[in-house]
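K.L.:
Let me give you the structure first, and then I'll get to my questions.
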Amino acid sequence: MRAWEKNIRQVVPYTPGEQPKVTDVIKLNTNENPYPPAPAVREALQNMDASALRLYPDPRADALVEVIARYYGISAEQVFVGVGSDDVLGMSFLTFFNSDKPILFPDITYSFYDVWADLFRIPYETPALDENFCICARDYDKENGGVIFPNPNAPTGEAVELSFIEDVLSHNQDVIVIVDEAYVDFGTSSALPLIEKYENLLVVQTFSKSRALAGLRIGYAMGNKRLIQALNHVKYAYNSYTMNTPSIVLGVKAIEDKEYFEDITARIIATREYAKEEFRKLGFMFGDSKANFLFVTHPRYTAEEIFEYLKTKKIYVRHFNRGRIKNYLRVTIGTKEQMEAVFAALKTMIGSEETRTN
C-alpha cells in the first residue's frame, strides 16, 4: 500500500436495487410508485421557466418547507428538507449520533444505516428481530447513543403501533430517536403527533414513494425547533444548496394535491391486498405488510430460483442474498396489470415444476 492510500476512508457502500437499462420491463425492485406524479406537477414541469436555472435555488427552500408545515399543521421551524430521505437521514446521523455509546437499529432493516454508521465512525449494535421479523421494544431499553428504526420496517413491511414508539421513547429520553417513515402512508400511523410530547423525536418522510417523485429526490424531517435548527446548521456547514429549484417548485405542487395523493395511495393498498391473496394461493408465505411491497418466501422454491426465473420474463424484484433473509424476495406493489403479469409468470413456473415432479 502506498503511503497516501492509508489516508483514504474505506467503507462498504450501500447497494441500491438494480436499474434496468431497458424500458420494456416490469420493475418491482426499488419500491417506486407505479403511477405518475400529480397532474399539477406535470403541468408545472411543462410550464417551468428554464432561465431560472441559471440562479442558485433558495438555500432554505422556504416555499417547500412552508407547504409541508401547513399540510401537517406544524410550524415551518419544525421542518427540515433534503435531497431525498437518504440525505435527511445521513445528515441526521452526522448531526445527532456523536456519542461514544453505540446507536441501536434492527439487524434486518434499511441497509443504509450501517453504511452511514461506518462512514461517520459511529459505533452501533443491531438487536435481532424476532422469529416473525418484528422489533422487540425491550431490546432498546439499554444504554445507547441513539435509536433509529423504520415504520413500517424495510424490507419486511412490518409496522408497529404508536404505543410501541412511545414505549421506546419513554425509555430513551436522553438520546435522539429517529422514526424513518418512508412507507408510512401505505397503512400505519405516523409518529408525528408525538413530537410535541417528546423533544428528542425526529420523524423522517419522503416524496419518493407515496407521492410518486423518486426522480426529484425530496425528503424531509419533522421535530422540535432545536433539532431542526441543529440539522440546518450542519447542512449549511456542508452544502447550503442541497435542494434544486425544480424539486422545490414541483414538490410544492405535489403536496398541494391531496386528492390525487390519497387516490393513488388507496389504489396501491388495494392492489397490495389483492397481491396477498394471489401469493397465498401460490403457496408463498409473508407477514402483514403495511408498506408498498411484500416480503415473500416459498417453502418449495428458493428465492434465487424465483428471482432468476422472473428476470427471464423481464420482471425485476429484489433479492437480499444474506443471513436470515436470503430466501426472501421483496416485491414492490405495481399496478393491478403488472401484478397480474407477475402471478401469471409465477403460475407458469410453479405449474411447470409441479408437472415435472408429479
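Within each chain, counting starts at residue 1; across the C-alpha cells, chains are named A, B, ... in the order shown, with ligands numbered 1 upward in that order.
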Find the spatial neighbours of Met243 (chain A), counting only C-alpha atoms, within a cut-off of 7 Å - ignore same-chain residues fewer than 3 positions away - and output them as a VMD selection string.
P.N.:
chain A and resid 61 82 to 83 247 to 248
K.L.:
Out of A:Thr297, A:Ile218, A:Leu282, A:Asp257, which residue has the shortest atom-to-atom distance to Asp87 (chain A) when counting only C-alpha atoms?
P.N.:
A:Ile218
K.L.:
List as an MDAnalysis selection string the protein and nucleic acid residues near Ser92 (chain A), meaning an atom at most 12 Å away when only C-alpha atoms are counted, but skip any in the same chain fewer than 3 places from it.
P.N.:
chainID A and resid 80:82 85:89 95:98 113 116:117 120 146:148 176:180 201:204 220:223 227:235
K.L.:
Please save C-alpha atoms of the selected residues as a PDB file, in the first residue's frame.
P.N.:
```pdb
ATOM      1  CA  PHE A  80     -36.112  20.259   7.502  1.00  0.00           C
ATOM      2  CA  VAL A  81     -35.843  19.284   3.817  1.00  0.00           C
ATOM      3  CA  GLY A  82     -33.136  17.473   1.902  1.00  0.00           C
ATOM      4  CA  SER A  85     -34.855  10.953   2.833  1.00  0.00           C
ATOM      5  CA  ASP A  86     -31.406   9.379   2.393  1.00  0.00           C
ATOM      6  CA  ASP A  87     -29.850  12.845   2.521  1.00  0.00           C
ATOM      7  CA  VAL A  88     -32.008  13.774   5.513  1.00  0.00           C
ATOM      8  CA  LEU A  89     -31.144  10.565   7.355  1.00  0.00           C
ATOM      9  CA  THR A  95     -25.779  15.696  13.473  1.00  0.00           C
ATOM     10  CA  PHE A  96     -27.204  13.606  16.302  1.00  0.00           C
ATOM     11  CA  PHE A  97     -25.186  10.414  16.702  1.00  0.00           C
ATOM     12  CA  ASN A  98     -21.941  11.669  18.222  1.00  0.00           C
ATOM     13  CA  TYR A 113     -27.997   2.541   8.332  1.00  0.00           C
ATOM     14  CA  TRP A 116     -23.736   5.709   7.434  1.00  0.00           C
ATOM     15  CA  ALA A 117     -22.584   4.448  10.826  1.00  0.00           C
ATOM     16  CA  PHE A 120     -19.219   8.592  10.143  1.00  0.00           C
ATOM     17  CA  GLY A 146     -29.341   6.944  19.795  1.00  0.00           C
ATOM     18  CA  VAL A 147     -32.080   4.847  18.205  1.00  0.00           C
ATOM     19  CA  ILE A 148     -33.349   4.598  14.642  1.00  0.00           C
ATOM     20  CA  ILE A 176     -32.303  11.172  19.756  1.00  0.00           C
ATOM     21  CA  VAL A 177     -34.860   8.670  18.470  1.00  0.00           C
ATOM     22  CA  ILE A 178     -35.448   8.712  14.701  1.00  0.00           C
ATOM     23  CA  VAL A 179     -38.500   7.060  13.141  1.00  0.00           C
ATOM     24  CA  ASP A 180     -37.968   6.556   9.417  1.00  0.00           C
ATOM     25  CA  LEU A 201     -38.093  12.558  18.456  1.00  0.00           C
ATOM     26  CA  LEU A 202     -37.318  13.113  14.778  1.00  0.00           C
ATOM     27  CA  VAL A 203     -39.771  11.844  12.138  1.00  0.00           C
ATOM     28  CA  VAL A 204     -38.433  11.422   8.580  1.00  0.00           C
ATOM     29  CA  TYR A 220     -37.976  15.895   4.987  1.00  0.00           C
ATOM     30  CA  ALA A 221     -37.719  15.644   8.750  1.00  0.00           C
ATOM     31  CA  MET A 222     -40.105  16.951  11.397  1.00  0.00           C
ATOM     32  CA  GLY A 223     -39.310  17.537  15.034  1.00  0.00           C
ATOM     33  CA  LEU A 227     -33.478  19.522  16.354  1.00  0.00           C
ATOM     34  CA  ILE A 228     -34.342  21.221  13.063  1.00  0.00           C
ATOM     35  CA  GLN A 229     -32.017  24.117  13.815  1.00  0.00           C
ATOM     36  CA  ALA A 230     -29.178  21.680  14.524  1.00  0.00           C
ATOM     37  CA  LEU A 231     -29.819  19.907  11.213  1.00  0.00           C
ATOM     38  CA  ASN A 232     -29.764  23.183   9.324  1.00  0.00           C
ATOM     39  CA  HIS A 233     -26.506  24.227  10.964  1.00  0.00           C
ATOM     40  CA  VAL A 234     -24.852  21.000   9.824  1.00  0.00           C
ATOM     41  CA  LYS A 235     -26.407  21.320   6.367  1.00  0.00           C
TER      42      LYS A 235
END
```
K.L.:
Considering only C-alpha atoms, give me a table of residues in region 191-261 of chain A that are at most 6 Å from region 16-38 of chain A, with the closest atom pair and distance in Å for each, as a tab-separated table.
P.N.:
```
residue	atom	partner	partner_atom	distance
A:Lys209	CA	A:Asn33	CA	5.5
A:Ala212	CA	A:Asn33	CA	5.0
A:Ala254	CA	A:Ala38	CA	5.9
```
K.L.:
Out of A:Tyr56, A:Thr271, A:Tyr183, A:Thr312, which residue has the shortest atom-to-atom distance to Gln338 (chain A) when counting only C-alpha atoms?
P.N.:
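Using only C-alpha atoms, the shortest distance to Gln338 (chain A) belongs to A:Thr271.
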K.L.:
Between A:Ser208, A:Glu158, A:Arg42, A:Gln10, which one has atoms that come closest to Leu119 (chain A), using only C-alpha atoms?
P.N.:
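Counting only C-alpha atoms, the residue closest to Leu119 (chain A) is A:Gln10.
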K.L.:
Env of region 104-106 of chain A: 6 Å cut, atoms = only C-alpha atoms, seq-sep filter 6 positions within chain, self excluded. Answer as a ChimeraX atom specification.
P.N.:
/A:124-128,147-149
K.L.:
I'd like to know which of A:Ile333, A:Phe207, A:Thr302, A:Ser170 is closest to Leu194 (chain A), using only C-alpha atoms.
P.N.:
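Residue with the minimum atom-to-atom distance to Leu194 (chain A): A:Ser170.
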